[in-house]
Amino acid sequence: MRDLWDNLPLWLQDAASVLALLAPLLVLALWLLRGFAPWPLVRALLARFRWTNALFVGLIAVSVAMGIGLLAQERGLRAASARAADKFALVVAAPGSEMTLLLATVFLQPSDVALLDGETFGRIAGTENVEIAAPLAFGDSYHGAPVVGTVAGFVSYLAEGRIEGRIWEDHDEAVVGASVALEIGAVFSPAHGHGAGAEDDAHDHSRLRVVGRMAPTGTPWDRAVLIPVEAVWEVHGLANGHAPQDEEALGPPFDPAYFPGTPAVVVKASALWANYALRDSFTETGRSMAFFPATVLTQLYAVMGDVRQAMSLMAAVTQVLVAGAVLAGLLILSRLFRRQIAMLRALGAPRRFVLAVVWGQASALLAAGTVLGVILGFGAAAGLSQVLSARTDMQVRAVIGWDEIRLAAGFLSACSVLSLLPALAVLRGRISEGLRG
Amino acid sequence: MALPLSLRDLVVPGADGPLLQVPALDLTAGALLGIRGPSGAGKTTLLHAIAGLRERATGRVLWGETDLLALSAEARARFRACHMGMIFQDFLLFDELGAGANAALAAMFRPRPERAALRARATEVLDHLGLPATARPVASFSGGERQRVGIARALASDAPVLLADEPTAALHRAAAEALTGDLLRLVREGGRSLIAVSHDEALLARMDRVLTLEGGRITDDSRGVGG
């Protein structure tokens, strides 16, 4: 049985789980509606209190949308940050905070970190199974966009080769991220530092020309200006990583004696399995540390997960409260048509028929509210995604997935079972008294 | 198909003593019985007891061979569905539905094979009463038209017995007379029994037999003009 389930395609498992959640609703509907045709009456009751009913549907929709929006948003944010870290399998840096380096490298959040020296870099670059060892040099910016020095190989790797124009071939050329407001051919001077403290004219002597633009990656690097790491060093009056007789050279190998230092090295291994061995060999007490950004993110998610659970709980409580309020409202409404209910019984309608009518009305409201809530939740998640994308420079895409569908299905199913209660309450009245009004 | 009615030792208890006491009453099948009496005399209580709607009534309410009070609430509802049509003072229609849907209301809960015949009969009776079975909501109908829809609903399931509670009280004089004529014609044509609670002397005058209720007891049992 277990094997059979595991062998089912994923979508089938998901669909089956939704169906299982809806099962109580379906069983109840089958039992109540079998042999009856109560829909004209249900429609009549819905029409009679149309504004109240519309309000109920609205309340249910908003509560469902909140729950769904939160779930979808959180997942979208998580997926986006995982995608942002995708190209940063292994980061080597001077010993310090992994979180700070994660923010500095993957998310390009400026921070002061210690530097790795040329000897260490040389050893990293020379290790077997290291395909790319990219020094990253942060600190400068252009109109708010971080200017990052690195090597051409890493730029190609980041953009997966999709570069409009070309990669740099000289020290004064630059490649920009997809959302940087610089055209190909534009000439600019990077400012020293970031944000309000940036000194716009500190590097006026250095002029760089944009020669290429990376395709969008959906990561904070879309906002970055990438230049040869040699250019960053030169702008700051440092050696440029190469011996004086070879100072026009671009990219690796670097000469350790003329290597000014780099805050972080991103390592791409030639094979996935090599990463663990590389991490171990690059972790040297007092000299360097190596870590997987994905692992640090996972720790971050664990913390965020608690927050998510708290948010989910609040959303669930809201949903329960709204559902309870709506059921109480239906109970009160049902008092208004108790004469008609008594009349139905007097005409010989079975109890099950009366249940079917009152339950049908409640379930129609719940179903309409839930479906509307899923749509609203999708819209809200999409809207929030845009805000988050703008704030984090990550492409956050919140889509309604099976988790959200399950939440909606479970809510609908549970509430429709509960809505038997007002229906049963209606039946408790005496027919004779009901007819007298 | 017509059913005779026998009441024996019927007592409907109330908070302060019995609301209704009928030691014995027999009604032949196809008879038209009027019930009159001052307000609070127990007329509607008697009508409801006869229909099996008073759950705490004791004694026997025999429709043919069936003792209604010995049945469960569901079985009584089934019996009503098959054998009784009911007409109410304020019609108790579903305002949002049309004349046809209101008249064929029972089709919503009767077994599927009976539905078509029931709808056809509802349309036929409406037609007989000069009302088209339109989808126009009955909310826009006049009182007389609404009560005709009520009559069509009571007759749609071809019940041998009709119970009416003040069927003309909500109508003005002319409408009441026209409705009485239509109702009695349909009842007599179909050989049905009619038990009608009413203050309407014109209606009562055309019944076979008229009971007078006072303080929950039958104080007079007279033959009407029709008998």
# chains A, B, ... in the order shown; residues from 1 in each chain; ligands from 1
$ interface_residues --of "chain A" --to "chain B" --cutoff "6 Å" --atoms "only C-alpha atoms" --output "PyMOL selection string"
chain A and resi 36-38+44+347-348+432
$ write_last_selection --atoms "C-alpha atoms" --output "PDB file, in the first residue's frame"
ATOM      1  CA  PHE A  36     -33.882  15.512  -3.716  1.00  0.00           C
ATOM      2  CA  ALA A  37     -33.824  18.569  -5.948  1.00  0.00           C
ATOM      3  CA  PRO A  38     -33.559  21.397  -3.389  1.00  0.00           C
ATOM      4  CA  ALA A  44     -34.576  31.417  -3.271  1.00  0.00           C
ATOM      5  CA  LEU A 347     -46.456  19.546   3.381  1.00  0.00           C
ATOM      6  CA  GLY A 348     -44.653  16.313   4.145  1.00  0.00           C
ATOM      7  CA  SER A 432     -47.271  23.555  14.738  1.00  0.00           C
TER       8      SER A 432
END
$ select_by_dssp --residues "stretch 45-291 of chain A" --states "strand (DSSP E or B)" --output "JSON, numbers by chain"
{"A": [90, 91, 92, 93, 116, 130, 131, 132, 133, 134, 135, 136, 137, 138, 139, 140, 141, 142, 145, 146, 147, 148, 149, 150, 163, 164, 165, 173, 174, 175, 176, 187, 188, 191, 192, 199, 208, 209, 210, 211, 212, 213, 214, 225, 226, 227, 228, 262, 264, 265, 266, 267, 268, 269, 284, 288, 289, 290, 291]}
$ select_by_dssp --residues "chain B" --states "alpha helix (DSSP H)" --output "PyMOL selection string"
chain B and resi 43-50+73-83+99-103+112-128+143-156+173-189+201-204
$ residues_around --residues "B:Trp63" --least-positions-apart "3" --cutoff "8 Å" --atoms "only C-alpha atoms" --output "list in words"
Leu3, Pro4, Leu5, Ser6, Thr66, Asp67 and Leu68 of chain B
$ write_last_selection --atoms "N, CA and C atoms" --output "PDB file, in the first residue's frame"
ATOM      1  N   LEU B   3     -60.448   9.202   1.933  1.00  0.00           N
ATOM      2  CA  LEU B   3     -60.200   8.607   3.247  1.00  0.00           C
ATOM      3  C   LEU B   3     -61.233   9.101   4.256  1.00  0.00           C
ATOM      4  N   PRO B   4     -61.853   8.189   5.011  1.00  0.00           N
ATOM      5  CA  PRO B   4     -62.702   8.625   6.124  1.00  0.00           C
ATOM      6  C   PRO B   4     -61.823   8.971   7.328  1.00  0.00           C
ATOM      7  N   LEU B   5     -62.329   9.864   8.190  1.00  0.00           N
ATOM      8  CA  LEU B   5     -61.561  10.283   9.380  1.00  0.00           C
ATOM      9  C   LEU B   5     -62.332   9.911  10.639  1.00  0.00           C
ATOM     10  N   SER B   6     -61.629   9.324  11.615  1.00  0.00           N
ATOM     11  CA  SER B   6     -62.228   9.069  12.928  1.00  0.00           C
ATOM     12  C   SER B   6     -61.298   9.581  14.015  1.00  0.00           C
ATOM     13  N   THR B  66     -55.113   4.098   9.117  1.00  0.00           N
ATOM     14  CA  THR B  66     -53.853   4.599   9.673  1.00  0.00           C
ATOM     15  C   THR B  66     -54.090   5.470  10.903  1.00  0.00           C
ATOM     16  N   ASP B  67     -53.484   5.081  12.028  1.00  0.00           N
ATOM     17  CA  ASP B  67     -53.536   5.937  13.217  1.00  0.00           C
ATOM     18  C   ASP B  67     -52.330   6.868  13.191  1.00  0.00           C
ATOM     19  N   LEU B  68     -52.586   8.121  12.854  1.00  0.00           N
ATOM     20  CA  LEU B  68     -51.507   9.081  12.662  1.00  0.00           C
ATOM     21  C   LEU B  68     -50.667   9.272  13.926  1.00  0.00           C
TER      22      LEU B  68
END
$ residues_around --residues "A:Gly383" --least-positions-apart "6" --cutoff "10 Å" --atoms "only C-alpha atoms" --output "count of residues only"
6
$ residues_around --residues "A:Arg78" --least-positions-apart "2" --cutoff "10 Å" --atoms "only C-alpha atoms" --output "list in words"
Ala72, Gln73, Glu74, Arg75, Gly76, Ala80, Ser81, Ala82, Arg83, Ala84, Leu297, Thr298, Leu300, Tyr301, Met304, Val396, Arg397 and Ala398 of chain A
$ write_last_selection --atoms "N, CA, C and O atoms" --output "tab-separated table (two decimals), in the first residue's frame"
chain	number	residue	atom	x	y	z
A	72	ALA	N	1.58	31.27	0.77
A	72	ALA	CA	2.19	31.35	-0.55
A	72	ALA	C	3.36	32.32	-0.55
A	72	ALA	O	4.40	32.06	-1.15
A	73	GLN	N	3.18	33.43	0.17
A	73	GLN	CA	4.21	34.46	0.21
A	73	GLN	C	5.48	33.94	0.86
A	73	GLN	O	6.58	34.13	0.37
A	74	GLU	N	5.28	33.27	1.98
A	74	GLU	CA	6.43	32.78	2.72
A	74	GLU	C	7.21	31.78	1.87
A	74	GLU	O	8.44	31.81	1.82
A	75	ARG	N	6.45	30.92	1.16
A	75	ARG	CA	7.11	29.92	0.33
A	75	ARG	C	7.84	30.59	-0.84
A	75	ARG	O	8.94	30.20	-1.21
A	76	GLY	N	7.19	31.62	-1.41
A	76	GLY	CA	7.79	32.34	-2.53
A	76	GLY	C	9.10	32.99	-2.12
A	76	GLY	O	10.10	32.92	-2.83
A	80	ALA	N	12.75	32.12	-3.54
A	80	ALA	CA	13.56	33.16	-4.18
A	80	ALA	C	14.93	33.25	-3.53
A	80	ALA	O	15.94	33.39	-4.23
A	81	SER	N	14.99	33.16	-2.21
A	81	SER	CA	16.30	33.27	-1.57
A	81	SER	C	17.15	32.04	-1.84
A	81	SER	O	18.37	32.13	-1.99
A	82	ALA	N	16.50	30.88	-1.96
A	82	ALA	CA	17.25	29.68	-2.32
A	82	ALA	C	17.82	29.82	-3.73
A	82	ALA	O	18.96	29.44	-3.98
A	83	ARG	N	16.98	30.42	-4.62
A	83	ARG	CA	17.45	30.61	-5.99
A	83	ARG	C	18.63	31.59	-6.01
A	83	ARG	O	19.57	31.42	-6.76
A	84	ALA	N	18.55	32.61	-5.15
A	84	ALA	CA	19.62	33.60	-5.11
A	84	ALA	C	20.94	32.96	-4.69
A	84	ALA	O	22.01	33.35	-5.14
A	297	LEU	N	21.20	29.43	4.96
A	297	LEU	CA	19.80	29.80	4.66
A	297	LEU	C	18.83	28.85	5.34
A	297	LEU	O	17.80	29.27	5.86
A	298	THR	N	19.19	27.57	5.34
A	298	THR	CA	18.32	26.59	5.96
A	298	THR	C	18.15	26.88	7.45
A	298	THR	O	17.04	26.77	7.99
A	300	LEU	N	18.37	29.78	8.70
A	300	LEU	CA	17.53	30.98	8.74
A	300	LEU	C	16.05	30.59	8.59
A	300	LEU	O	15.18	31.09	9.28
A	301	TYR	N	15.79	29.65	7.67
A	301	TYR	CA	14.41	29.20	7.47
A	301	TYR	C	13.85	28.57	8.73
A	301	TYR	O	12.66	28.69	9.03
A	304	MET	N	12.72	31.31	10.65
A	304	MET	CA	11.54	31.87	10.00
A	304	MET	C	10.36	30.93	10.09
A	304	MET	O	9.22	31.35	10.16
A	396	VAL	N	10.65	37.53	-6.27
A	396	VAL	CA	9.82	36.68	-5.42
A	396	VAL	C	8.57	36.35	-6.20
A	396	VAL	O	7.82	37.23	-6.60
A	397	ARG	N	8.35	35.06	-6.43
A	397	ARG	CA	7.13	34.65	-7.13
A	397	ARG	C	6.31	33.80	-6.18
A	397	ARG	O	6.74	32.73	-5.78
A	398	ALA	N	5.14	34.32	-5.79
A	398	ALA	CA	4.25	33.54	-4.93
A	398	ALA	C	3.18	32.94	-5.81
A	398	ALA	O	2.40	33.65	-6.42
$ residues_around --residues "B:Pro167" --least-positions-apart "4" --cutoff "9 Å" --atoms "only C-alpha atoms" --output "PyMOL selection string"
chain B and resi 87-91+147+171+176+179-180+196-198
$ residues_around --residues "B:Pro38" --least-positions-apart "5" --cutoff "10 Å" --atoms "only C-alpha atoms" --output "list in words"
Lys43, His199, Thr212, Leu213, Glu214 and Gly215 of chain B
$ closest_residue --among "B:Ala174, B:Val161, B:Leu183, B:Pro137" --to "A:Arg48" --atoms "only C-alpha atoms"
B:Pro137
$ closest_residue --among "A:Leu33, A:Val322, A:Leu10, A:Val92" --to "A:Trp359" --atoms "only C-alpha atoms"
A:Leu33
$ atom_distance --atom1 "atom CA of B:Arg56" --atom2 "atom CA of A:Val354"
21.9 Å
$ closest_residue --among "A:Phe121, A:Tyr276, A:Trp51, A:Trp31" --to "A:Gly241" --atoms "only C-alpha atoms"
A:Phe121
